[in-house]
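Structure file final-v9.cif (mmCIF, C-alpha atoms and all ligand atoms) follows.
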data_data
loop_
_atom_site.label_atom_id
_atom_site.label_comp_id
_atom_site.auth_asym_id
_atom_site.auth_seq_id
_atom_site.Cartn_x
_atom_site.Cartn_y
_atom_site.Cartn_z
CA MET J 1 -5.48 11.64 19.87
CA PRO J 2 -9.27 12.20 19.63
CA VAL J 3 -10.49 12.48 16.04
CA SER J 4 -12.67 15.46 15.26
CA PRO J 5 -16.22 14.44 14.19
CA ASN J 6 -15.85 16.59 11.07
CA PHE J 7 -13.18 14.25 9.85
CA PHE J 8 -15.77 11.52 9.24
CA SER J 9 -17.78 13.78 6.98
CA THR J 10 -14.64 14.52 4.96
CA ILE J 11 -13.51 10.94 4.35
CA LYS J 12 -14.91 9.41 1.15
CA PRO J 13 -18.00 7.39 2.20
CA ASN J 14 -16.85 4.29 0.32
CA LEU J 15 -13.74 4.07 2.54
CA ILE J 16 -15.65 3.92 5.82
CA GLY J 17 -16.55 0.22 5.84
CA ILE J 18 -13.21 -1.02 4.43
CA LYS J 19 -11.22 -3.21 6.82
CA THR J 20 -7.53 -2.29 6.70
CA TYR J 21 -5.40 -5.16 5.37
CA THR J 22 -3.80 -7.06 8.26
CA PRO J 23 -0.55 -8.72 7.27
CA GLY J 24 1.00 -11.75 8.99
CA LYS J 25 2.52 -10.88 12.36
CA PRO J 26 6.12 -9.65 11.95
CA LEU J 27 8.85 -11.73 13.66
CA GLU J 28 10.30 -8.75 15.52
CA GLU J 29 6.89 -7.86 16.96
CA LEU J 30 6.36 -11.39 18.30
CA GLN J 31 9.86 -11.56 19.77
CA ARG J 32 9.30 -8.21 21.49
CA GLU J 33 5.85 -9.11 22.84
CA TYR J 34 6.63 -12.63 24.06
CA GLY J 35 10.34 -12.26 24.85
CA ILE J 36 11.12 -15.14 22.45
CA LYS J 37 14.46 -15.30 20.63
CA ASN J 38 14.27 -17.92 17.90
CA ALA J 39 10.78 -17.40 16.52
CA ILE J 40 9.97 -18.54 12.97
CA LYS J 41 7.57 -16.82 10.60
CA MET J 42 5.43 -19.09 8.48
CA ALA J 43 2.67 -16.56 7.92
CA SER J 44 3.24 -14.49 4.78
CA ASN J 45 4.30 -16.97 2.09
CA GLU J 46 7.82 -15.60 1.99
CA ASN J 47 10.90 -17.56 0.86
CA ALA J 48 12.28 -19.57 3.80
CA LEU J 49 15.74 -19.73 2.18
CA GLY J 50 16.21 -15.96 2.29
CA PRO J 51 16.85 -13.68 -0.69
CA SER J 52 18.51 -14.74 -3.94
CA PRO J 53 22.28 -14.50 -3.18
CA LYS J 54 22.94 -12.94 -6.59
CA ALA J 55 20.39 -10.24 -5.79
CA VAL J 56 22.16 -9.46 -2.52
CA VAL J 57 25.51 -9.05 -4.31
CA ALA J 58 23.88 -6.74 -6.86
CA MET J 59 22.30 -4.57 -4.19
CA ARG J 60 25.62 -4.17 -2.36
CA LYS J 61 27.22 -3.10 -5.62
CA HIS J 62 24.61 -0.40 -6.21
CA LEU J 63 24.23 0.95 -2.66
CA ASN J 64 26.25 4.06 -3.35
CA ARG J 65 23.93 5.08 -6.19
CA VAL J 66 20.83 5.54 -4.06
CA HIS J 67 21.12 9.32 -3.99
CA ARG J 68 19.84 9.13 -7.58
CA TYR J 69 16.26 8.49 -8.61
CA PRO J 70 15.78 5.07 -10.15
CA GLU J 71 15.04 4.50 -13.85
CA GLY J 72 11.35 5.43 -14.00
CA GLY J 73 10.64 2.90 -16.73
CA CYS J 74 12.90 0.12 -15.28
CA HIS J 75 14.85 0.15 -18.57
CA TYR J 76 17.42 -2.61 -17.89
CA LEU J 77 15.01 -4.84 -16.01
CA ARG J 78 12.52 -4.39 -18.85
CA GLN J 79 15.12 -5.38 -21.48
CA LYS J 80 16.19 -8.43 -19.52
CA LEU J 81 12.68 -9.62 -18.72
CA SER J 82 11.27 -9.05 -22.20
CA LYS J 83 14.02 -11.33 -23.56
CA ALA J 84 13.49 -13.92 -20.83
CA LEU J 85 9.73 -14.04 -21.39
CA ASN J 86 9.88 -13.50 -25.14
CA VAL J 87 7.45 -10.57 -25.06
CA TYR J 88 7.77 -7.03 -26.44
CA ASP J 89 9.11 -4.49 -23.98
CA ASN J 90 5.95 -2.38 -24.29
CA GLN J 91 3.94 -5.30 -22.89
CA LEU J 92 5.58 -4.95 -19.46
CA VAL J 93 4.68 -2.71 -16.51
CA PHE J 94 6.61 -2.85 -13.23
CA GLY J 95 5.20 -2.32 -9.77
CA ASN J 96 6.14 -1.81 -6.15
CA GLY J 97 5.27 -5.45 -5.59
CA SER J 98 2.65 -7.11 -7.76
CA ASP J 99 0.16 -5.72 -5.23
CA GLU J 100 0.64 -2.33 -6.81
CA LEU J 101 -0.16 -3.67 -10.27
CA LEU J 102 -3.42 -5.15 -8.99
CA ILE J 103 -4.28 -1.74 -7.57
CA PHE J 104 -3.28 -0.09 -10.90
CA ALA J 105 -5.67 -2.44 -12.70
CA VAL J 106 -8.56 -1.32 -10.54
CA ARG J 107 -7.54 2.34 -10.73
CA THR J 108 -7.35 2.11 -14.51
CA PHE J 109 -10.55 0.23 -15.30
CA VAL J 110 -13.00 0.63 -12.41
CA GLY J 111 -15.13 3.67 -11.62
CA ALA J 112 -18.00 4.25 -9.22
CA LYS J 113 -20.57 1.42 -9.32
CA ASP J 114 -18.62 -0.61 -11.87
CA GLU J 115 -18.45 -4.29 -10.98
CA VAL J 116 -15.44 -6.46 -10.25
CA VAL J 117 -15.90 -10.22 -10.09
CA ILE J 118 -13.74 -12.12 -7.60
CA ALA J 119 -13.75 -15.55 -5.97
CA ASP J 120 -14.51 -16.16 -2.31
CA PRO J 121 -12.12 -16.72 -0.62
CA THR J 122 -9.32 -14.98 -2.51
CA PHE J 123 -6.54 -12.43 -2.12
CA LEU J 124 -7.92 -9.54 -0.04
CA ILE J 125 -6.35 -6.71 -2.03
CA TYR J 126 -8.84 -7.19 -4.92
CA GLU J 127 -11.74 -6.21 -2.71
CA ILE J 128 -9.94 -3.40 -0.90
CA ALA J 129 -8.73 -1.81 -4.15
CA THR J 130 -12.20 -2.04 -5.72
CA ARG J 131 -13.94 -0.45 -2.76
CA VAL J 132 -11.37 2.36 -2.66
CA GLU J 133 -12.45 3.22 -6.22
CA ASN J 134 -16.11 3.00 -5.16
CA GLY J 135 -16.61 -0.06 -7.34
CA THR J 136 -18.87 -2.97 -6.46
CA VAL J 137 -17.35 -6.31 -5.53
CA VAL J 138 -19.21 -9.36 -6.82
CA ARG J 139 -18.05 -12.38 -4.81
CA VAL J 140 -18.46 -15.85 -6.22
CA PRO J 141 -18.08 -18.68 -3.68
CA MET J 142 -15.55 -21.36 -4.57
CA LYS J 143 -16.69 -24.93 -5.05
CA ASP J 144 -14.72 -27.29 -2.89
CA PHE J 145 -11.87 -24.76 -2.75
CA HIS J 146 -11.69 -24.40 -6.54
CA TYR J 147 -12.78 -21.49 -8.74
CA ASP J 148 -16.36 -21.87 -9.94
CA LEU J 149 -15.77 -20.34 -13.35
CA ASP J 150 -19.30 -21.13 -14.58
CA ALA J 151 -20.75 -19.14 -11.69
CA MET J 152 -18.26 -16.33 -12.38
CA ARG J 153 -19.33 -16.30 -16.02
CA ALA J 154 -22.94 -15.94 -14.94
CA LYS J 155 -22.08 -12.78 -13.02
CA ILE J 156 -20.72 -10.89 -16.04
CA ASN J 157 -22.99 -8.06 -17.17
CA SER J 158 -22.70 -4.61 -18.76
CA LYS J 159 -21.31 -3.15 -15.51
CA THR J 160 -18.48 -5.71 -15.21
CA LYS J 161 -15.08 -4.14 -15.82
CA LEU J 162 -12.62 -6.53 -14.23
CA ILE J 163 -12.35 -10.17 -13.18
CA PHE J 164 -9.58 -11.34 -10.84
CA ILE J 165 -8.33 -14.90 -11.00
CA ALA J 166 -5.52 -15.72 -8.59
CA ASN J 167 -3.87 -18.70 -10.21
CA PRO J 168 -3.05 -20.35 -7.88
CA ASP J 169 -5.31 -18.71 -5.36
CA ASN J 170 -4.29 -17.39 -1.97
CA PRO J 171 -5.40 -18.49 0.65
CA VAL J 172 -6.59 -21.82 -0.79
CA GLY J 173 -3.59 -22.86 -2.94
CA THR J 174 -5.48 -24.59 -5.78
CA TYR J 175 -5.19 -23.64 -9.46
CA VAL J 176 -7.27 -23.33 -12.63
CA SER J 177 -6.13 -25.58 -15.52
CA GLU J 178 -5.33 -24.23 -18.99
CA LYS J 179 -8.41 -25.88 -20.50
CA LYS J 180 -10.78 -24.39 -17.92
CA LEU J 181 -9.14 -20.97 -18.16
CA THR J 182 -9.26 -20.92 -21.96
CA ASP J 183 -12.92 -21.96 -22.02
CA PHE J 184 -13.65 -19.15 -19.59
CA LEU J 185 -11.65 -16.52 -21.49
CA ARG J 186 -13.48 -17.40 -24.72
CA PHE J 187 -16.71 -16.41 -23.05
CA VAL J 188 -15.56 -13.14 -21.49
CA PRO J 189 -16.45 -10.02 -23.56
CA ARG J 190 -13.32 -8.30 -24.90
CA ASN J 191 -14.09 -5.08 -23.02
CA VAL J 192 -13.82 -6.88 -19.65
CA VAL J 193 -10.25 -7.17 -18.40
CA VAL J 194 -9.22 -10.46 -16.79
CA VAL J 195 -6.35 -10.18 -14.31
CA LEU J 196 -4.50 -13.44 -13.89
CA ASP J 197 -2.54 -13.09 -10.67
CA GLU J 198 0.37 -15.54 -10.90
CA ALA J 199 2.24 -14.65 -7.70
CA TYR J 200 2.96 -18.37 -7.14
CA TYR J 201 3.73 -19.15 -10.80
CA ASP J 202 7.19 -20.64 -10.14
CA PHE J 203 5.72 -23.26 -7.81
CA ALA J 204 2.63 -24.09 -9.86
CA ARG J 205 4.19 -24.32 -13.33
CA ILE J 206 5.44 -27.86 -12.69
CA LYS J 207 1.85 -29.03 -13.12
CA LYS J 208 1.34 -30.17 -16.72
CA ASP J 209 -2.08 -28.57 -17.09
CA TYR J 210 -1.09 -25.24 -15.49
CA PRO J 211 -1.78 -22.53 -18.10
CA ASP J 212 0.93 -21.17 -20.37
CA SER J 213 -0.61 -17.76 -19.86
CA LEU J 214 1.95 -15.81 -21.90
CA ARG J 215 0.87 -17.83 -24.95
CA LEU J 216 -2.77 -17.01 -24.19
CA LEU J 217 -1.95 -13.29 -24.41
CA LYS J 218 -1.72 -13.70 -28.18
CA PHE J 219 -5.39 -14.70 -28.35
CA PHE J 220 -6.89 -12.64 -25.54
CA LYS J 221 -6.03 -8.94 -25.69
CA ASN J 222 -8.08 -8.35 -22.51
CA LEU J 223 -5.75 -10.51 -20.40
CA MET J 224 -3.33 -9.04 -17.86
CA ILE J 225 -0.88 -11.34 -16.06
CA THR J 226 0.87 -10.32 -12.85
CA ARG J 227 3.94 -11.98 -11.32
CA THR J 228 6.32 -11.15 -8.51
CA PHE J 229 9.91 -11.36 -7.30
CA SER J 230 8.61 -11.67 -3.71
CA LYS J 231 8.10 -15.41 -3.52
CA ALA J 232 10.42 -17.71 -5.49
CA TYR J 233 13.22 -15.11 -5.69
CA GLY J 234 12.95 -14.13 -2.02
CA LEU J 235 12.69 -10.38 -2.57
CA ALA J 236 9.42 -9.61 -0.73
CA GLY J 237 11.00 -6.79 1.29
CA LEU J 238 12.14 -4.95 -1.84
CA ARG J 239 8.68 -4.81 -3.42
CA VAL J 240 9.01 -5.58 -7.11
CA GLY J 241 6.59 -7.28 -9.45
CA TYR J 242 5.46 -6.98 -13.07
CA ALA J 243 2.46 -7.19 -15.34
CA VAL J 244 2.44 -8.61 -18.87
CA SER J 245 -0.43 -7.67 -21.16
CA SER J 246 -1.27 -6.22 -24.54
CA PRO J 247 0.61 -2.94 -25.23
CA GLU J 248 -2.76 -1.14 -24.98
CA ILE J 249 -3.45 -2.34 -21.44
CA ALA J 250 0.18 -1.67 -20.44
CA ALA J 251 -0.02 1.90 -21.76
CA SER J 252 -3.20 2.50 -19.75
CA LEU J 253 -1.67 1.09 -16.55
CA ASN J 254 1.30 3.41 -17.02
CA LYS J 255 -0.99 6.42 -16.84
CA VAL J 256 -1.82 5.71 -13.17
CA ARG J 257 1.71 4.68 -12.18
CA GLU J 258 3.82 6.99 -10.04
CA PRO J 259 6.98 8.05 -11.90
CA PHE J 260 9.55 6.21 -9.74
CA ASN J 261 7.47 3.41 -8.27
CA VAL J 262 10.16 0.69 -8.31
CA ASN J 263 13.23 1.65 -6.29
CA LEU J 264 16.77 1.47 -7.58
CA LEU J 265 17.97 -1.45 -5.43
CA ALA J 266 14.84 -3.46 -6.23
CA GLN J 267 15.49 -3.04 -9.96
CA GLU J 268 19.12 -4.16 -9.67
CA ALA J 269 18.21 -7.06 -7.39
CA ALA J 270 15.49 -8.26 -9.76
CA ILE J 271 17.87 -8.13 -12.75
CA ALA J 272 20.41 -10.26 -10.86
CA ALA J 273 17.76 -12.63 -9.47
CA LEU J 274 16.63 -13.51 -12.99
CA ASP J 275 20.07 -15.10 -13.51
CA ASP J 276 19.96 -16.97 -10.20
CA THR J 277 18.60 -20.20 -11.62
CA SER J 278 20.28 -22.37 -8.98
CA PHE J 279 18.54 -20.42 -6.19
CA LEU J 280 15.22 -20.72 -7.98
CA LYS J 281 15.70 -24.49 -8.37
CA LYS J 282 16.66 -24.88 -4.72
CA THR J 283 13.61 -22.87 -3.65
CA VAL J 284 11.20 -24.93 -5.74
CA LYS J 285 12.78 -28.17 -4.42
CA THR J 286 12.51 -26.98 -0.80
CA VAL J 287 8.86 -26.03 -1.31
CA THR J 288 7.98 -29.26 -3.11
CA GLU J 289 9.58 -31.45 -0.44
CA GLY J 290 8.18 -29.35 2.39
CA ARG J 291 4.69 -29.53 0.92
CA LEU J 292 4.82 -33.32 0.83
CA PHE J 293 6.10 -33.49 4.40
CA LEU J 294 3.55 -31.04 5.81
CA THR J 295 0.52 -32.49 4.06
CA LYS J 296 1.48 -36.02 5.20
CA GLU J 297 2.04 -34.92 8.79
CA LEU J 298 -1.21 -32.92 8.88
CA THR J 299 -3.09 -35.98 7.63
CA ARG J 300 -1.39 -38.05 10.32
CA LEU J 301 -2.76 -35.59 12.86
CA GLY J 302 -6.24 -36.18 11.43
CA LEU J 303 -6.42 -32.71 9.83
CA VAL J 304 -7.72 -32.02 6.34
CA SER J 305 -5.56 -29.79 4.16
CA VAL J 306 -6.44 -28.26 0.80
CA ASP J 307 -4.49 -29.68 -2.18
CA THR J 308 -1.98 -26.90 -2.88
CA VAL J 309 0.50 -26.06 -5.63
CA THR J 310 1.97 -23.08 -3.76
CA ASN J 311 4.44 -22.45 -0.93
CA PHE J 312 1.67 -22.58 1.68
CA VAL J 313 -0.87 -25.05 3.02
CA LEU J 314 -4.39 -24.22 4.19
CA PHE J 315 -5.76 -26.71 6.70
CA ASN J 316 -8.87 -27.20 8.77
CA LEU J 317 -8.69 -27.76 12.51
CA GLY J 318 -12.39 -28.55 12.70
CA LYS J 319 -12.66 -26.25 15.72
CA PRO J 320 -11.96 -22.54 16.34
CA ALA J 321 -8.41 -21.90 15.15
CA GLN J 322 -7.65 -18.78 17.19
CA PRO J 323 -6.58 -20.61 20.41
CA VAL J 324 -4.29 -22.91 18.39
CA TYR J 325 -2.85 -19.89 16.56
CA GLU J 326 -2.14 -18.22 19.90
CA SER J 327 -0.54 -21.36 21.43
CA LEU J 328 1.75 -21.57 18.39
CA LEU J 329 2.65 -17.89 18.80
CA LYS J 330 3.71 -18.53 22.40
CA LYS J 331 6.03 -21.26 21.11
CA GLY J 332 7.51 -18.85 18.58
CA VAL J 333 5.77 -20.18 15.48
CA ILE J 334 3.81 -17.59 13.50
CA VAL J 335 1.18 -18.93 11.10
CA ARG J 336 -1.78 -17.10 9.57
CA PRO J 337 -5.23 -17.16 11.15
CA MET J 338 -7.98 -17.07 8.53
CA ASN J 339 -10.56 -14.86 10.26
CA SER J 340 -10.17 -12.12 7.64
CA TRP J 341 -11.44 -14.65 5.08
CA GLY J 342 -14.25 -15.93 7.29
CA LEU J 343 -12.52 -19.31 7.68
CA SER J 344 -12.38 -19.35 11.46
CA THR J 345 -11.50 -23.04 11.84
CA PHE J 346 -8.60 -22.86 9.36
CA LEU J 347 -4.93 -21.91 9.57
CA ARG J 348 -2.54 -21.24 6.70
CA VAL J 349 1.09 -22.20 7.10
CA THR J 350 3.90 -21.14 4.77
CA ILE J 351 6.22 -23.97 3.80
CA GLY J 352 9.57 -23.44 5.48
CA THR J 353 12.93 -25.19 5.60
CA MET J 354 12.73 -28.80 6.76
CA SER J 355 13.72 -27.73 10.26
CA ASP J 356 10.97 -25.04 10.30
CA ASN J 357 8.44 -27.58 9.06
CA ARG J 358 9.40 -30.11 11.75
CA ARG J 359 9.24 -27.49 14.46
CA PHE J 360 5.81 -26.34 13.28
CA ILE J 361 4.43 -29.90 13.32
CA LYS J 362 5.91 -30.56 16.79
CA GLU J 363 4.40 -27.36 18.24
CA LEU J 364 1.10 -27.95 16.45
CA LYS J 365 0.84 -31.40 18.09
CA GLY J 366 1.39 -29.70 21.45
CA ALA J 367 -1.15 -26.99 20.69
CA LEU J 368 -3.84 -29.49 19.66
C1 LIG J 401 -2.24 -14.11 -4.72
C2 LIG J 401 -1.28 -13.02 -4.41
N1 LIG J 401 -1.15 -12.01 -5.27
C3 LIG J 401 -0.30 -11.00 -5.07
C4 LIG J 401 0.49 -10.98 -3.93
C5 LIG J 401 1.35 -9.78 -3.74
O1 LIG J 401 2.68 -10.03 -3.78
P1 LIG J 401 3.74 -8.85 -3.91
O2 LIG J 401 3.02 -7.56 -3.77
O3 LIG J 401 4.71 -9.09 -2.83
O4 LIG J 401 4.31 -9.01 -5.28
C6 LIG J 401 0.40 -12.00 -2.99
C7 LIG J 401 1.20 -11.95 -1.77
O5 LIG J 401 1.08 -12.69 -0.85
C8 LIG J 401 -0.51 -13.05 -3.23
O6 LIG J 401 -0.67 -14.04 -2.37
#

Kindly present the structure from the file in structure tokens form.
Amino acid sequence: MPVSPNFFSTIKPNLIGIKTYTPGKPLEELQREYGIKNAIKMASNENALGPSPKAVVAMRKHLNRVHRYPEGGCHYLRQKLSKALNVYDNQLVFGNGSDELLIFAVRTFVGAKDEVVIADPTFLIYEIATRVENGTVVRVPMKDFHYDLDAMRAKINSKTKLIFIANPDNPVGTYVSEKKLTDFLRFVPRNVVVVLDEAYYDFARIKKDYPDSLRLLKFFKNLMITRTFSKAYGLAGLRVGYAVSSPEIAASLNKVREPFNVNLLAQEAAIAALDDTSFLKKTVKTVTEGRLFLTKELTRLGLVSVDTVTNFVLFNLGKPAQPVYESLLKKGVIVRPMNSWGLSTFLRVTIGTMSDNRRFIKELKGAL
């Protein structure tokens, strides 16, 4: 339908240049477009083993309650998680995915012309959310695919309201150590909020020098940690994540939260998933083994991959990646092209089951 020219004068000017977030291609869409039956999706860092079985049982049990609104404050999930993490219940805020909490952070702390410091490349939502609020994004290039915290420090000024650190980062997969993070936090003024996005926490925590961020909360009241049930617990489709912070930050985030932002089934599934330790262990094992296999095989193909602690691997083809991405699509393997991040010779592949990983390597060989 043609759009009336008046519409463009109505839209907020800061929205005009924003590129809409493009997610990884859905399986169903590929199967429809290419007439393929057994396609595999290795594009959105989801859990290749499926959802936590305990979460599925819990959802079935609560299906007939969905005519009711959910608990607005996620009461039972809050109780369970505050015990599990050993934090006070007023330190937790829940979101429709951790995405929503990142957006809440910007909505809460950033106004027009305020500055938000982010790495480049990093998770795209930080920039989109900032520009929606008419804030200014200050991008700091990574150094050899690692955060350049000294350069980020140098960008802090009186307009800085928020700093995002994805730890580990998406799309690169590397992490900031506890020592480097603590040194950085010591420098950051207390009126600047640091968001530590730990979406891949369950995979990265096996590293000895990965930060114990919950402990750091005791020293840094301006710290906000976000985590998710989407990755290690396999609940991406339900959309549930949480933030842990000082009670003051949590109370402020709650002011911009919609009353029933986490749905009833998501709350029940998350409660059950927290008890599914065997699923969590199996997931971490699958990812760890898959990571070893994929990085070895990529090296064998002469490709350089970035050292990752996540459930995905970023690698360089050394030539435009789009044709390789498209050849893989035709073979039913969906990976993530990196054009949105300006990394046009790179692809990102989510670690799958061993059979997914083998199929990806076989089709990649063909595509190269
Ligand atoms: C770094 C990072 N943060 C946050 C998210 C959002 O996850 P969710 O909204 O599913 O919790 C993702 C998802 O891919 C991510 O990679």

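Of the residues listed (J:Phe187, J:Thr299, J:Ala321, J:Gly24), J:Gly24 shows the shortest atom-to-atom separation from ligand LIG 401 (chain J); distances use all atoms listed in the file.
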
**Item:** Option closest in space to Gly35 of chain J, from J:Thr350, J:Leu329, J:Phe279, J:Pro121 [counting only C-alpha atoms]
**Value:**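 Smallest separation from Gly35 of chain J among the options: J:Leu329.
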
Show me which residues are within 10 Å of ligand LIG 401 (chain J) counting all atoms listed in the file, and format the list as a PDB file with C-alpha atoms, keeping the file's coordinate frame.
ATOM      1  CA  PRO J  23      -0.550  -8.720   7.270  1.00  0.00           C
ATOM      2  CA  GLY J  24       1.000 -11.750   8.990  1.00  0.00           C
ATOM      3  CA  ALA J  43       2.670 -16.560   7.920  1.00  0.00           C
ATOM      4  CA  SER J  44       3.240 -14.490   4.780  1.00  0.00           C
ATOM      5  CA  ASN J  45       4.300 -16.970   2.090  1.00  0.00           C
ATOM      6  CA  GLU J  46       7.820 -15.600   1.990  1.00  0.00           C
ATOM      7  CA  GLY J  95       5.200  -2.320  -9.770  1.00  0.00           C
ATOM      8  CA  ASN J  96       6.140  -1.810  -6.150  1.00  0.00           C
ATOM      9  CA  GLY J  97       5.270  -5.450  -5.590  1.00  0.00           C
ATOM     10  CA  SER J  98       2.650  -7.110  -7.760  1.00  0.00           C
ATOM     11  CA  ASP J  99       0.160  -5.720  -5.230  1.00  0.00           C
ATOM     12  CA  GLU J 100       0.640  -2.330  -6.810  1.00  0.00           C
ATOM     13  CA  LEU J 101      -0.160  -3.670 -10.270  1.00  0.00           C
ATOM     14  CA  LEU J 102      -3.420  -5.150  -8.990  1.00  0.00           C
ATOM     15  CA  THR J 122      -9.320 -14.980  -2.510  1.00  0.00           C
ATOM     16  CA  PHE J 123      -6.540 -12.430  -2.120  1.00  0.00           C
ATOM     17  CA  LEU J 124      -7.920  -9.540  -0.040  1.00  0.00           C
ATOM     18  CA  ILE J 125      -6.350  -6.710  -2.030  1.00  0.00           C
ATOM     19  CA  TYR J 126      -8.840  -7.190  -4.920  1.00  0.00           C
ATOM     20  CA  PHE J 164      -9.580 -11.340 -10.840  1.00  0.00           C
ATOM     21  CA  ILE J 165      -8.330 -14.900 -11.000  1.00  0.00           C
ATOM     22  CA  ALA J 166      -5.520 -15.720  -8.590  1.00  0.00           C
ATOM     23  CA  ASN J 167      -3.870 -18.700 -10.210  1.00  0.00           C
ATOM     24  CA  PRO J 168      -3.050 -20.350  -7.880  1.00  0.00           C
ATOM     25  CA  ASP J 169      -5.310 -18.710  -5.360  1.00  0.00           C
ATOM     26  CA  ASN J 170      -4.290 -17.390  -1.970  1.00  0.00           C
ATOM     27  CA  PRO J 171      -5.400 -18.490   0.650  1.00  0.00           C
ATOM     28  CA  VAL J 172      -6.590 -21.820  -0.790  1.00  0.00           C
ATOM     29  CA  GLY J 173      -3.590 -22.860  -2.940  1.00  0.00           C
ATOM     30  CA  LEU J 196      -4.500 -13.440 -13.890  1.00  0.00           C
ATOM     31  CA  ASP J 197      -2.540 -13.090 -10.670  1.00  0.00           C
ATOM     32  CA  GLU J 198       0.370 -15.540 -10.900  1.00  0.00           C
ATOM     33  CA  ALA J 199       2.240 -14.650  -7.700  1.00  0.00           C
ATOM     34  CA  TYR J 200       2.960 -18.370  -7.140  1.00  0.00           C
ATOM     35  CA  TYR J 201       3.730 -19.150 -10.800  1.00  0.00           C
ATOM     36  CA  THR J 226       0.870 -10.320 -12.850  1.00  0.00           C
ATOM     37  CA  ARG J 227       3.940 -11.980 -11.320  1.00  0.00           C
ATOM     38  CA  THR J 228       6.320 -11.150  -8.510  1.00  0.00           C
ATOM     39  CA  PHE J 229       9.910 -11.360  -7.300  1.00  0.00           C
ATOM     40  CA  SER J 230       8.610 -11.670  -3.710  1.00  0.00           C
ATOM     41  CA  LYS J 231       8.100 -15.410  -3.520  1.00  0.00           C
ATOM     42  CA  GLY J 234      12.950 -14.130  -2.020  1.00  0.00           C
ATOM     43  CA  LEU J 235      12.690 -10.380  -2.570  1.00  0.00           C
ATOM     44  CA  ALA J 236       9.420  -9.610  -0.730  1.00  0.00           C
ATOM     45  CA  GLY J 237      11.000  -6.790   1.290  1.00  0.00           C
ATOM     46  CA  LEU J 238      12.140  -4.950  -1.840  1.00  0.00           C
ATOM     47  CA  ARG J 239       8.680  -4.810  -3.420  1.00  0.00           C
ATOM     48  CA  VAL J 240       9.010  -5.580  -7.110  1.00  0.00           C
ATOM     49  CA  GLY J 241       6.590  -7.280  -9.450  1.00  0.00           C
ATOM     50  CA  TYR J 242       5.460  -6.980 -13.070  1.00  0.00           C
ATOM     51  CA  THR J 310       1.970 -23.080  -3.760  1.00  0.00           C
ATOM     52  CA  ASN J 311       4.440 -22.450  -0.930  1.00  0.00           C
ATOM     53  CA  PHE J 312       1.670 -22.580   1.680  1.00  0.00           C
TER      54      PHE J 312
END

**Prompt:** To one decimal place, how far is atom CA of Lys296 of chain J from atom CA of Asn38 of chain J in Å?
**Reply:**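 One can read the atom CA of Lys296 of chain J to atom CA of Asn38 of chain J distance as 25.5 Å.
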
**Request:** Enter the distance from atom CA of Asn134 of chain J to atom CA of Gly111 of chain J, in Å, rounded to one decimal.
**Result:**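 The value is 6.6 Å.
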
**Request:** Would you mind telling me which residue in J:Asp150, J:Asp356, J:Asp89, J:Glu363 lies nearest to Ala48 of chain J when using all atoms listed in the file?
**Result:**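 Checking each candidate against Ala48 of chain J, we get J:Asp356 as the closest.
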
**Asked** Can you tell me, as a list in words, which residues sit within 8 Å of (-0.9, -26.1, -10.1) in the file's frame, using all atoms listed in the file?
**Response**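 Residues with an atom at most 8 Å from (-0.9, -26.1, -10.1): Asn167, Pro168, Thr174, Tyr175, Val176, Ser177, Phe203, Ala204, Arg205, Ile206, Lys207, Asp209, Tyr210, Thr308, Val309 and Thr310 of chain J.
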
**Prompt:** Got a sec: who's within 12 Å of Gly352 of chain J, counting all atoms listed in the file, leaving out chain neighbours fewer than 3 positions off, as a PyMOL selection string?
**Reply:** chain J and resi 40-50+283-294+310-313+333-335+349+355-361

**Prompt:** What is the distance between atom CA of Pro141 of chain J and atom CA of Ser340 of chain J, in Å to one decimal?
**Reply:**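 Pair atom CA of Pro141 of chain J / atom CA of Ser340 of chain J returns 15.3 Å.
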
**Complete:** Of J:Ala270, J:Met142, J:Ile16, J:Leu217, the one nearest to Arg78 of chain J when counting all atoms listed in the file is J:Ala270

**Message:** Could you check the closest approach to Val110 of chain J for each of J:Ala250, J:Gly342, J:Lys161, J:Phe94 and tell me which residue wins, using only C-alpha atoms?
**Reply:** J:Lys161

**12 Å contact set for Pro259 of chain J, only C-alpha atoms, chain neighbours under 5 positions out, as a ChimeraX atom specification** = /J:69-74,93-96,254

**Item:** Counting all atoms listed in the file, the residue of J:Val193, J:Leu368, J:Val56, J:Leu328 that sits nearest Leu30 of chain J
**Value:**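 Comparing J:Val193, J:Leu368, J:Val56, J:Leu328 against Leu30 of chain J, the winner is J:Leu328.
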
**Message:** Is it possible to get the residues within 12 Å of (20.4, 2.3, -2.9) (coordinates as in the file, counting only C-alpha atoms) written as a list of chain:residue names?
**Reply:** J:Val56, J:Ala58, J:Met59, J:Arg60, J:Lys61, J:His62, J:Leu63, J:Asn64, J:Arg65, J:Val66, J:His67, J:Arg68, J:Tyr69, J:Pro70, J:Leu238, J:Val262, J:Asn263, J:Leu264, J:Leu265, J:Ala266, J:Gln267, J:Glu268, J:Ala269

With 4 Å of padding per side, what axis-aligned box (centre and edge lengths, Å, one decimal) covers all the listed atoms of segment 131-149 of chain J? Give it as JSON.
{"center_x": -15.3, "center_y": -12.0, "center_z": -8.0, "size_x": 15.8, "size_y": 38.5, "size_z": 18.7}
